[in-house]
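Engineer: Handing you this structure, nothing more for now.
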Amino acid sequence: MAKKILIIDDDLDTLRLVGAMLQRQGYQIVVASNGEQGLSQARSEGPDLILVDIMMPAMDGYEVTRRLRNNPQTADIPILMFTAKTQLDDKVSGFESGADDYLTKPTHPAELQAHVKALLARSSRWKTGAVVPEEKAPFTIGVLAARGGQGVTTLAVNLARSLMTAVQAEVIMAELRPGMGTLGPDLGEPDPKVLTSFLQAKPEELSQQRVKDNLYVHDTGLRLLLGSVQPQDAILLNATAQFETIINRLTSLAPYLILDLGSGLPQLTQKLIKKCQHIIVVVEPTTNSVLHAKALIADLMELDINKRRISPIVVNRIRSDTQLNATQVQEKLDFAVPAVIMPFPELIYRAMQMKTIPVAYQPDTQTAQQFAKLAAFMFERAQLEK
């Protein structure tokens with residue numbers, strides 16, 4: 001049966017255009033031209049998803065959303081705010097009122113479709129408490145570099161979001177670096193403590209439900225386990241049994257898991273990579289970085305990691321004519337490079353200001369296309385492993 005979408009907007013052109021576009025995608029559309037009518041339609045029609053504008057007379061989208069959330073009959077319906085209001089305060093108010101996602105007008109039809117599909121998929125999986133079917137083996141990707149400061153976390157989170165969009169399935173990204181986390185403050189969680197609490201618990205206390213309930217859910221729908229920012233928490237890197245238990249729980253919660261393993265090959269990382277079906281080695285296109293990456297790849301292969309399970313990914317963090325090109329990196333590594341990420345410092349900065357993920361903030365950029373290519377490659381690898 002076709003999913004039913006309720007669109008609440010006082011702009012008749014939006015109702016017609018968006019409604020027609022979603023109908024062409026196979027959805028059943030119900031419309032309302034004001035807040036009161038929207039609330040009535042939500043109760044009587046029981047839609048699978050609601051798109052609501054903010055700027056409407058008499059009752060704005062914030063109030064509509066609050067009332068939907070306060071009514072047990074409509075409280076669990078996913079809500080996408082689709083509006084021309086672009087300021088950070090507007091977005092924050094939207095999420096505080098109860099919206100699941102926020103998209104600004106005008107937007108490309110493909111972006112709207114992707115948000116709608118992701119919300120519907122999330123709703124059916126997570127709100128029913130469903131887990132990954134047993135017949136679908138989870139695919140775990142480890143991301144690491146030979147040394148720090150090469151953009152491992154940035155690559156991991158952008159790949160996670162891109163993979164989630166590409167495969168329309170749940171993806172969890174775990175920043176397994178207690179005391180050295182950077183992602184939380186960037187995404188609106190200034191002092192994440194969940195990983196620390198997990199590592200201080202006994203392994204038998206880390207139930208699947210506890211791990212699931214405590215994951216950080218970003219407004220893009222991506223689920224995250226964030227590393228703490230307190231330097232003293234780095235002592236918990238010795239909690240090997242807890243780390244292994246955490247990964248076992250995470251792989252039961254989503255078909256795709258991406259692990260930020262940081263830099264080097266300490267004892268913990270050597271254990272955790274054995275749980276990964278694929279390893280990404282981040283390498284900068286400089287002579288020294290390539291030499292270190294080549295040594296890291298050799299060490300991985302000595303740990304019995306099959307060559308086909310390793311992919312070096314070139315990440316350009318600065319614009320410079322002195323850096324090596326992809327062909328030169330491949331020759332020096334003697335290893336195929338399936339993707340190259342060009343510098344995107346301005347995009348990173350703007351995304352940080354909005355507390356979001358760069359590829360989600362501007363999904364039509366060259367950067368997003370490069371990550372989409374990498375996500376497609378990883379999906380292909382996952383299919384080969386099954």
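For the structure tokens, the naming scheme is as follows: chains receive sequential letters (A, B, ...) according to their order of presentation, residues are indexed from 1 within each chain, and ligands are indexed from 1 in presentation order.
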Please run DSSP on the backbone and report, as number ranges by chain, all residues within stretch 1-241 of chain A that come out as strand (DSSP E).
Structural biologist: A: 4-8, 28-32, 49-52, 79-83, 101-104, 139-145, 171-175, 216-217, 223-225
Engineer: I'd like the contact shell of stretch 109-114 of chain A - 9 Å cut-off, only C-alpha atoms, skipping same-chain residues fewer than 6 positions apart - returned as a list in words.
Structural biologist: Val18, Met21, Leu22, Gln25, Phe82, Leu103, Thr165, Ala166, Gln168, Pro363 and Asp364 of chain A
Engineer: Taking only C-alpha atoms into account, name the residue in A:Leu272, A:Thr74, A:Leu253, A:Leu159 that is nearest to A:Phe377.
Structural biologist: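 Looking at the shortest contact to A:Phe377, the residue is A:Leu159.
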Engineer: Write out as an MDAnalysis selection string which residues come within 9 Å of stretch 224-241 of chain A when counting only C-alpha atoms, dropping same-chain ones fewer than 5 positions away.
Structural biologist: chainID A and resid 157 171:185 189:196 199:200 202:203 214:218 246 267:268 271:272
Engineer: Selection from above, C-alpha atoms, as a compact mmCIF listing (two decimals), in the first residue's frame, can you write it?
Structural biologist:
```
# COMPACT_ATOMS: atom_id res chain seq x y z
CA VAL A 157 30.77 11.06 9.40
CA VAL A 171 23.80 3.69 9.33
CA ILE A 172 25.48 4.12 12.72
CA MET A 173 28.78 5.96 13.07
CA ALA A 174 30.88 5.46 16.21
CA GLU A 175 33.69 7.81 17.23
CA LEU A 176 35.70 5.33 19.30
CA ARG A 177 38.10 7.86 20.79
CA PRO A 178 37.37 8.63 24.45
CA GLY A 179 38.97 11.89 25.52
CA MET A 180 39.74 12.85 21.93
CA GLY A 181 36.27 13.33 20.45
CA THR A 182 35.67 16.24 18.10
CA LEU A 183 32.34 15.43 16.49
CA GLY A 184 30.00 16.16 19.41
CA PRO A 185 30.65 19.91 19.66
CA GLU A 189 26.43 17.92 21.67
CA PRO A 190 29.17 19.90 23.51
CA ASP A 191 30.00 17.35 26.21
CA PRO A 192 29.09 13.81 25.12
CA LYS A 193 29.37 11.27 27.93
CA VAL A 194 27.66 8.13 26.59
CA LEU A 195 30.79 6.37 25.32
CA THR A 196 32.51 7.08 28.64
CA LEU A 199 33.38 1.99 28.87
CA GLN A 200 33.04 2.35 32.65
CA LYS A 202 30.79 -4.04 32.98
CA PRO A 203 30.45 -5.74 29.56
CA ASN A 214 21.62 6.03 24.32
CA LEU A 215 22.81 6.69 20.78
CA TYR A 216 22.83 10.35 19.77
CA VAL A 217 20.33 11.00 16.98
CA HIS A 218 21.37 13.89 14.74
CA ILE A 246 29.80 -2.12 22.15
CA GLN A 267 46.56 -2.86 20.58
CA LEU A 268 42.91 -1.84 20.79
CA LYS A 271 41.53 -6.04 17.94
CA LEU A 272 38.73 -3.86 16.58
```
Engineer: Using only C-alpha atoms, which residues sit within 7 Å of A:Asp10 once same-chain residues fewer than 6 positions away are excluded, as an NGL selection string?
Structural biologist: :A and (33-34 or 56)
Engineer: Please report, as an mmCIF file with C-alpha atoms, in the first residue's frame, each residue of stretch 200-385 of chain A to which DSSP assigns helix (DSSP H, G or I) when run on this structure's backbone.
Structural biologist:
```
data_model
loop_
_atom_site.group_PDB
_atom_site.id
_atom_site.type_symbol
_atom_site.label_atom_id
_atom_site.label_comp_id
_atom_site.auth_asym_id
_atom_site.auth_seq_id
_atom_site.Cartn_x
_atom_site.Cartn_y
_atom_site.Cartn_z
ATOM 1 C CA GLN A 200 33.040 2.353 32.653
ATOM 2 C CA PRO A 203 30.449 -5.744 29.557
ATOM 3 C CA GLU A 204 27.406 -7.712 30.740
ATOM 4 C CA GLU A 205 25.673 -4.416 31.594
ATOM 5 C CA GLN A 208 21.500 -4.094 23.119
ATOM 6 C CA GLN A 209 18.603 -1.977 24.387
ATOM 7 C CA ARG A 210 20.859 0.199 26.533
ATOM 8 C CA VAL A 211 23.182 0.901 23.620
ATOM 9 C CA LYS A 212 20.294 1.603 21.260
ATOM 10 C CA ASP A 213 18.507 3.953 23.661
ATOM 11 C CA ASN A 214 21.618 6.034 24.320
ATOM 12 C CA PRO A 231 41.279 14.373 27.961
ATOM 13 C CA GLN A 232 41.372 12.246 31.122
ATOM 14 C CA ASP A 233 38.891 9.812 29.509
ATOM 15 C CA ALA A 234 41.665 8.578 27.225
ATOM 16 C CA ILE A 235 42.602 6.148 29.989
ATOM 17 C CA LEU A 236 39.497 4.180 28.957
ATOM 18 C CA LEU A 237 41.241 3.109 25.753
ATOM 19 C CA ASN A 238 42.307 0.097 27.832
ATOM 20 C CA THR A 240 39.049 -3.604 25.360
ATOM 21 C CA ALA A 241 36.251 -5.934 26.474
ATOM 22 C CA GLN A 242 33.782 -3.051 26.657
ATOM 23 C CA PHE A 243 34.793 -1.783 23.203
ATOM 24 C CA GLU A 244 34.258 -5.217 21.677
ATOM 25 C CA THR A 245 30.872 -5.552 23.373
ATOM 26 C CA ILE A 246 29.799 -2.119 22.148
ATOM 27 C CA ILE A 247 30.630 -3.027 18.551
ATOM 28 C CA ASN A 248 28.765 -6.321 18.849
ATOM 29 C CA ARG A 249 25.684 -4.415 20.033
ATOM 30 C CA LEU A 250 25.944 -1.771 17.321
ATOM 31 C CA THR A 251 26.182 -4.335 14.525
ATOM 32 C CA GLN A 267 46.564 -2.864 20.576
ATOM 33 C CA LEU A 268 42.908 -1.843 20.790
ATOM 34 C CA THR A 269 42.698 -0.957 17.097
ATOM 35 C CA GLN A 270 44.360 -4.240 16.149
ATOM 36 C CA LYS A 271 41.526 -6.040 17.939
ATOM 37 C CA LEU A 272 38.733 -3.857 16.579
ATOM 38 C CA ILE A 273 39.758 -4.077 12.915
ATOM 39 C CA LYS A 274 39.146 -7.825 13.097
ATOM 40 C CA LYS A 275 35.451 -6.943 13.413
ATOM 41 C CA THR A 287 55.134 12.336 0.124
ATOM 42 C CA ASN A 288 55.488 11.770 3.874
ATOM 43 C CA SER A 289 51.813 10.968 4.369
ATOM 44 C CA VAL A 290 51.900 8.457 1.521
ATOM 45 C CA LEU A 291 54.971 6.772 2.998
ATOM 46 C CA HIS A 292 53.266 6.472 6.396
ATOM 47 C CA ALA A 293 50.064 5.171 4.788
ATOM 48 C CA LYS A 294 52.035 2.567 2.831
ATOM 49 C CA ALA A 295 53.625 1.366 6.064
ATOM 50 C CA LEU A 296 50.211 1.225 7.757
ATOM 51 C CA ILE A 297 48.761 -0.840 4.915
ATOM 52 C CA ALA A 298 51.708 -3.238 5.165
ATOM 53 C CA ASP A 299 51.078 -3.598 8.907
ATOM 54 C CA LEU A 300 47.392 -4.285 8.270
ATOM 55 C CA MET A 301 48.269 -7.041 5.829
ATOM 56 C CA GLU A 302 50.647 -8.553 8.400
ATOM 57 C CA LYS A 307 44.292 -6.730 0.510
ATOM 58 C CA ARG A 308 40.847 -6.510 -1.096
ATOM 59 C CA ARG A 309 39.429 -5.372 2.262
ATOM 60 C CA ALA A 326 45.750 10.663 -7.392
ATOM 61 C CA THR A 327 47.819 8.808 -9.980
ATOM 62 C CA GLN A 328 51.053 9.643 -8.171
ATOM 63 C CA VAL A 329 49.583 8.506 -4.852
ATOM 64 C CA GLN A 330 48.509 5.203 -6.384
ATOM 65 C CA GLU A 331 51.954 4.637 -7.869
ATOM 66 C CA LYS A 332 53.728 5.357 -4.572
ATOM 67 C CA LEU A 333 51.312 3.196 -2.580
ATOM 68 C CA PRO A 345 37.091 23.980 4.457
ATOM 69 C CA GLU A 346 34.408 26.617 3.781
ATOM 70 C CA LEU A 347 31.688 23.969 3.667
ATOM 71 C CA ILE A 348 32.965 22.432 6.904
ATOM 72 C CA TYR A 349 32.875 25.849 8.578
ATOM 73 C CA ARG A 350 29.335 26.651 7.418
ATOM 74 C CA ALA A 351 28.098 23.200 8.425
ATOM 75 C CA MET A 352 29.642 23.597 11.888
ATOM 76 C CA GLN A 353 27.794 26.892 12.305
ATOM 77 C CA PRO A 358 28.666 19.050 5.420
ATOM 78 C CA VAL A 359 27.192 16.672 2.827
ATOM 79 C CA ALA A 360 23.745 17.157 4.388
ATOM 80 C CA TYR A 361 24.104 20.939 4.581
ATOM 81 C CA GLN A 366 31.158 18.564 -5.641
ATOM 82 C CA THR A 367 32.124 17.397 -2.147
ATOM 83 C CA ALA A 368 28.783 15.637 -1.713
ATOM 84 C CA GLN A 369 29.214 14.000 -5.120
ATOM 85 C CA GLN A 370 32.663 12.723 -4.149
ATOM 86 C CA PHE A 371 31.306 11.220 -0.933
ATOM 87 C CA ALA A 372 28.368 9.764 -2.873
ATOM 88 C CA LYS A 373 30.883 8.021 -5.142
ATOM 89 C CA LEU A 374 32.701 6.651 -2.090
ATOM 90 C CA ALA A 375 29.384 5.500 -0.584
ATOM 91 C CA ALA A 376 28.514 3.696 -3.825
ATOM 92 C CA PHE A 377 31.893 1.977 -3.763
ATOM 93 C CA MET A 378 31.383 0.832 -0.176
ATOM 94 C CA PHE A 379 27.909 -0.457 -1.035
ATOM 95 C CA GLU A 380 29.450 -2.506 -3.853
ATOM 96 C CA ARG A 381 32.018 -3.909 -1.431
ATOM 97 C CA ALA A 382 29.235 -4.813 0.986
ATOM 98 C CA GLN A 383 27.389 -6.727 -1.739
ATOM 99 C CA LEU A 384 30.551 -8.641 -2.609
ATOM 100 C CA GLU A 385 30.990 -9.671 1.020
#
```
